[in-house]
Structure formats: structure tokens, C-alpha cells
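Take a look at the structure below.
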2 protein chains.
Amino acid sequence: MKLQADKEVPEPPGTLATGVYERLRRDIFSGGLPPGEKLRTEYLRNRYDVGNTPLREALNRLSADGLVARIDQRGFSVTKLSREEFEGLLKTRCWLEEIALRESIKNRTQEWEENLVIALHRLSRVLPMVDGEANPDWEAQHHRFHLSLLANCGSEWLLSFCTQMLDHTDRYRRFASDASYGDRDLLMEHRSILEATVDGDADKAVELLVGHYRRTGKIVLSADISASSAK
Amino acid sequence: MKLQADKEVPEPPGTLATGVYERLRRDIFSGGLPPGEKLRTEYLRNRYDVGNTPLREALNRLSADGLVARIDQRGFSVTKLSREEFEGLLKTRCWLEEIALRESIKNRTQEWEENLVIALHRLSRVLPMVDGEANPDWEAQHHRFHLSLLANCGSEWLLSFCTQMLDHTDRYRRFASDASYGDRDLLMEHRSILEATVDGDADKAVELLVGHYRRTGKIVLSADISASSAK
DNA sequence: TATGGCCATATTATATAATATTTATACGCT
DNA sequence: AGCGTATAAATATTATATAATATGGCCATA
């Protein structure tokens with residue numbers, strides 16, 4: 001039985017390129033490399049202490065993820081955030097996650113439902129904010145919980161699309177998270193999604209999930225995204 | 001007005017890396033580099049006459065496209081084709097294109113409908129097969145027609161997902177295209193999808209589109225895909 | 001004086017080549 | 001079959017070369 005928590009052993013990456021990729025990714029998510037930032041290769045080589053080859057590999061992978069923009073002969077930069085982009089993301093996410101959740105419920109198994117319960121339990125054991133800062137542990141568990149909801153949909157493709165969009169949404173949320181979570185009972189929102197799901201009530205689960213996203217969306221949109229998009 | 005055909009000027013790529021990327025892509029689609037083929041960097045450097053840097057960049061981009069598999073320390077290889085993978089692809093494609101087509105119709109404009117008519121017209125002017133070989137011109141126009149159907153959906157995200165899946169489907173179709181198209185009136189299938197679409201009959205358009213895909217899917221699945229997947 | 005184009009220069013991205021290091025794979029042995 | 005070594009291959013560095021882009025000053029014109 002595979003119940004023990006995935007040990008957070010940061011496990012040395014297989015290659016330097018993969019390592020830089022992961023570090024760059026973290027720095028983009030955390031804001032260490034803010035949206036719009038020009039990514040000069042020489043600077044990054046020093047910053048991460050690697051050579052040209054692994055660095056360019058990492059940047060190319062990130063640009064495929066949509067986290068980095070690449071223009072031939074003009075190099076790389078961190079992708080900007082924008083209101084319009086976020087609105088499109090939110091809309092598309094609702095479309096796709098509705099399908100994924102309905103399919104997951106349609107194919108439901110005891111194992112999947114139990115994984116969901118575990119995911120929610122773990123999420124309940126961490127706080128969204130610590131000392132006014134976003135808590136990375138909560139971010140990780142939150143990410144997992146939402147993916148777990150969709151994990152049973154039976155389509156690797158759909159799951160990977162949803163994962164991509166979840167990543168991007170998390171990035172927006174992080175940048176807008178000055179906006180208060182305070183008056184929301186997030187745990188209860190997640191719990192009710194879970195309950196409708198294990199009850200097999202797809203309509204209700206979808207409604208709750210989409211409502212959950214739209215509510216978060218409003219908060220993100222109420223924050224001044226462009227302020228984070230430094231030139 | 002922008003009606004003239006996009007001139008097929010192969011326009012020199014901005015960078016060598018982009019150039020190799022495009023050449024590799026073509027060779028994977030054409031079968032010059034068959035599914036499963038190990039991609040040794042030294043071999044490819046000679047084959048395309050480029051250095052390490054642009055080659056690895058190209059390979060990394062392709063692996064993000066899902067056309068190339070990358071395993072740390074074990075290099076690159078052309079992704080294999082499999083029956084299961086294709087079935088998942090087809091299923092997911094039907095889900096997503098249904099949304100995209102319904103939204104496109106919901107938002108329909110005269111300009112979009114006219115673009116569709118043009119796309120179908122161009123498709124009608126080329127033959128799927130020439131001398132028993134797949135006709136690249138038909139492939140290109142076919143690709144465009146199907147994208148045009150979805151282009152009005154109002155979501156860049158959804159459109160990019162559909163494009164990815166269309167690319168992969170095209171690849172499967174190419175490898176299975178020994179199977180006869182003969183007894184199908186493809187042009188008529190496309191024409192009736194178009195008609196339902198400009199009539200604003202979303203239900204019918206979706207039904208026709210999905211039927212079109214499933215019919216093609218059957219043909220692809222009837223071919224022996226694994227035969228193409230050289231070790 | 002202000003405006004806009006234009007060229008020289010600086011900067012940066014892109015690329016090569018030679019080479020080092022590490023890791024995987026193949027081979028031959030017991 | 002299992003084991004260790006030899007070989008091949010992937011990964012990475014460094015130094016350097018080439019080419020595109022960005023910058024800033026210069027001049028002509030209004």
C-alpha cells in the first residue's frame with residue numbers, strides 16, 4: 001500500500017539542464033524573476049552557475065510551458081501577466097475541468113475516492129498563509145487536491161492540459177495574493193466539492209468547482225495584476 | 001482585404017535552432033525519422049549539419065510538443081505510436097473540439113464564416129493522394145480547414161490544445177494512410193460540416209464533426225500502427 | 001529648437017569546436 | 001545468470017566567432 005507521504009527529498013535532478021529548469025521555474029513562480037523580466041543568458045549563467053547548453057535547454061523547456069517568451073534573435077523573457085489572459089485562462093479551465101471532473105466521477109473507483117479523501121486531509125493540515133506569506137506547503141497540497149479530482153478522467157491528454165492551466169492559475173494567484181483570503185472558508189469549499197464528488201453528484205460537484213474557481217478569479221482580478229508586470 | 005493565398009515562401013528561419021526544429025519536425029511527420037527511432041545527437045549533428053547548441057534546443061522544443069521523448073541521461077527518441085495512445089487522443093479531441101466548435105458558432109461572425117468557405121474551397125482544389133502518396137498540400141489545407149472551424153472559439157488556450165492534438169492525429173493518419181480513403185467522399189463530409197456550421201446548427205455540426213473523426217479513427221486503428229513503431 | 005532619419009558602435013543572442021566528465025550500455029568472463 | 005570492465009554516448013564547460021539588435025550621437029530638415 002502506498003499511503004506514506006511522498007518524502008520531500010528534493011532528489012538531485014538527473015541533469016544540470018533539468019536542475020536549472022526547476023530552479024528557474026521556482027523563481028518565476030515565486031516572483032524572484034518577475035513577469036516581463038528580460039532573461040539575459042549571461043546573467044543567468046552567473047546566477048545559476050551553469051554553462052550555455054543546460055541554460056538554453058532549460059529556457060526552451062520553459063517557453064514550451066508558457067512561462068517564458070522566446071523571440072528569435074531577441075532572446076528570452078518571463079511571460080507577462082494580464083487581465084485578458086487570465087480571463088481566457090479561467091474560462092477555458094472551467095470548460096475543461098468540467099469534462100475532467102464528470103469523467104472522473106463517471107469512472108469512479110474506491111481507490112480514487114480514497115486518494116481524494118487523503119488529499120483533502122493533507123490540505124486541511126496546512127495553512128494557506130503563514131506570517132502574511134503564501135505557504136508553499138499549502139500551495140503544493142492545494143495543487144494536488146485539484147489534480148486528484150481530475151485524475152480519474154481517463155485521459156492523459158486532458159489531464160496534462162488541466163495541469164498546465166492549473167500551473168498558470170497558481171502563478172496568477174501567487175501574484176495577486178495580497179488580496180485577502182480572509183473571509184473565505186477555503187477548506188469548507190474544498191470539502192463540499194469532495195462530498196458532492198464521492199456522492200457521485202456530478203452536476204453539483206461541477207457547480208461547486210466552477211463556483212470555487214470563479215470566486216478565486218474575482219479576487220485575482222480585483223488585484224492589480226499589471227502592477228506585478230514590471231516592464 | 002486579406003484574401004490572397006499565403007505565399008508558400010519557406011522564409012528562412014530566424015535562427016538555426018528554429019530551422020533544425022522545423023526540419024526535424026517535418027522528418028518525424030514524414031517518417032524519415034520513424035517512431036521509436038533513437039536520436040543520437042552526433043548523428044543528428046551530421047545529418048543536419050549544425051552544432052550542439054541549436055540541435056539540443058530543437059530537441060527540447062520537440063519534446064515539449066510530444067513528438068520526441070526525452071529521458072535524462074538517456075537522450076532523445078521519436079515518440080512511438082500506439083493504439084491506446086491514439087484512442088485516448090481521439091476521445092479527448094472529440095471532447096475539446098465539441099466545445100471549441102460550439103463556442104465558435106456561438107460567436108460567429110461574417111468574417112469567420114467567409115474564412116471557412118475559403119478554407120473549404122482551397123481544400124477542394126487539392127487531392128488527398130497523388131500517385132498513391134499522401135499529398136502534403138492536401139494535408140496542409142485539411143489541417144487549416146479544421147483549425148478554421150475552431151478558430152472563433154475565443155480561447156487561445158483551447159485553440160492551442162486542439163492544434164496540438166490535430167498535429168498528433170495528423171501524424172497517426174500519415175502512418176496509417178495505406179488504409180484506403182477510397183470509399184469515402186471526404187470533400188462531402190467537410191462540406192456538410194461547414195454547412196451545418198454556417199447554418200448555426202451547433203448540434204448537427206458537432207455530430208458531423210465527431211462522426212468524421214470517428215470514421216477516420218476507425219481507419220487509423222484498422223491499420224497496424226505498431227508496425228510503424230520500429231523498436 | 002525640435003524632429004526624424006541614419007550610421008557607427010556596443011551589446012547580446014546565437015553558434016561552433018574542442019574537450020572534459022559522467023552515465024549508460026555492451027561485452028566477455030566466471 | 002551475475003559481475004566488472006570497456007566502450008559509447010549524453011551532458012556539460014570553455015573559449016571564441018558570427019550575426020542580429022539596440023543605443024546614442026550626428027546631421028539635415030522643418
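Chain labels follow the order of the C-alpha cells: the first chain is A, the next B, and so on; residue numbering restarts at 1 in every chain, and ligands are counted from 1 in their shown order.
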message: Taking only C-alpha atoms (C1' of nucleotides) into account and nothing else, which residues of chain B lie no more than 10 Å away from chain C? Please answer as a list in words.
response: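 The contacting residues on chain B are Thr15, Leu16, Ala17, Val50, Gly51, Asn52, Thr53, Pro54, Gln73 and Arg74 of chain B.
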- request: May I have all residues of stretch 65-220 of chain A that DSSP, computed from the backbone, assigns to alpha helix (DSSP H), given as a ChimeraX atom specification?
  value: /A:65,83-106,110-124,136-150,156-176,186-198,202-220
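The part of chain B that reaches within 6 Å of chain A is made up of Gly14, Glu57, Ala64, Asp72, Gly88 and Ser155 of chain B, counting only C-alpha atoms.
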Just need the residues of chain D within 8 Å of chain B, counting only C-alpha atoms (C1' of nucleotides), so spit them out as a short mmCIF file (atom, residue, chain, number, x, y, z; two decimals) with C-alpha atoms (C1' of nucleotides), in the first residue's frame.
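Now in out-v7.cif:
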data_model
loop_
_atom_site.label_atom_id
_atom_site.label_comp_id
_atom_site.auth_asym_id
_atom_site.auth_seq_id
_atom_site.Cartn_x
_atom_site.Cartn_y
_atom_site.Cartn_z
"C1'" DA D 9 27.02 8.25 -25.71
"C1'" DA D 10 24.88 12.06 -23.21
"C1'" DT D 11 25.81 16.00 -20.83
#
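Using only C-alpha atoms for every distance, the candidate list B:Ala176, B:Ile193, B:Ala140, B:Cys162 yields B:Ala176 as the residue closest to B:Arg83.
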query: Hey, can you check how far atom CA of B:Leu147 sits from atom CA of B:Glu98?
result: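 It comes out at 12.6 Å.
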message: List the spatial neighbours of A:Ser104 as a list in words - criterion: any atom at most 12 Å away, only C-alpha atoms (C1' of nucleotides), same-chain residues fewer than 5 positions off excluded.
response: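 These residues fall inside the cut-off: Glu97, Glu98, Ile99, Thr109, Gln110, Trp112, Glu113, Leu116, Leu147, Ser148, Leu149, Leu150, Ala151, Asn152, Cys153, Gly154, Ser155, Leu158, Leu159, Thr197, Val198, Gly200, Asp201, Ala202, Ala205 and Val206 of chain A.
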9 Å contact set for B:Phe29, only C-alpha atoms (C1' of nucleotides), chain neighbours under 6 positions out, as a short mmCIF file (atom, residue, chain, number, x, y, z; two decimals) with C-alpha atoms, in the first residue's frame:
data_model
loop_
_atom_site.label_atom_id
_atom_site.label_comp_id
_atom_site.auth_asym_id
_atom_site.auth_seq_id
_atom_site.Cartn_x
_atom_site.Cartn_y
_atom_site.Cartn_z
CA LEU B 67 6.96 14.40 -30.80
CA ASP B 170 -2.22 14.01 -38.49
CA ARG B 171 0.86 12.06 -37.60
CA TYR B 172 -1.14 8.91 -36.86
CA ARG B 174 0.01 9.69 -42.13
CA PHE B 175 1.44 6.49 -40.74
#
Check stretch 3-231 of chain B with DSSP on the backbone and list each residue it calls strand (DSSP E or B), as an mmCIF file with C-alpha atoms, in the first residue's frame.
data_model
loop_
_atom_site.group_PDB
_atom_site.id
_atom_site.type_symbol
_atom_site.label_atom_id
_atom_site.label_comp_id
_atom_site.auth_asym_id
_atom_site.auth_seq_id
_atom_site.Cartn_x
_atom_site.Cartn_y
_atom_site.Cartn_z
ATOM 1 C CA LYS B 38 16.782 6.732 -31.202
ATOM 2 C CA LEU B 39 18.026 10.260 -31.835
ATOM 3 C CA VAL B 68 10.178 13.446 -29.108
ATOM 4 C CA ALA B 69 10.665 11.626 -25.824
ATOM 5 C CA ARG B 70 13.428 12.759 -23.537
ATOM 6 C CA ILE B 71 14.859 10.800 -20.657
ATOM 7 C CA GLY B 75 18.848 11.129 -24.640
ATOM 8 C CA PHE B 76 16.098 11.577 -27.142
ATOM 9 C CA SER B 77 13.954 9.367 -29.337
ATOM 10 C CA VAL B 78 10.996 9.816 -31.624
ATOM 11 C CA MET B 129 -3.487 11.324 -52.644
ATOM 12 C CA VAL B 130 -1.198 11.734 -55.621
ATOM 13 C CA GLU B 133 1.305 9.091 -51.829
ATOM 14 C CA ALA B 134 -0.225 11.440 -49.276
#
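Rounded to one decimal, atom CA of B:Ser124 and atom CA of B:Arg144 lie 12.4 Å from each other.
What separates atom CA of B:Asp137 from atom CA of B:Glu111 is a distance of 24.1 Å.
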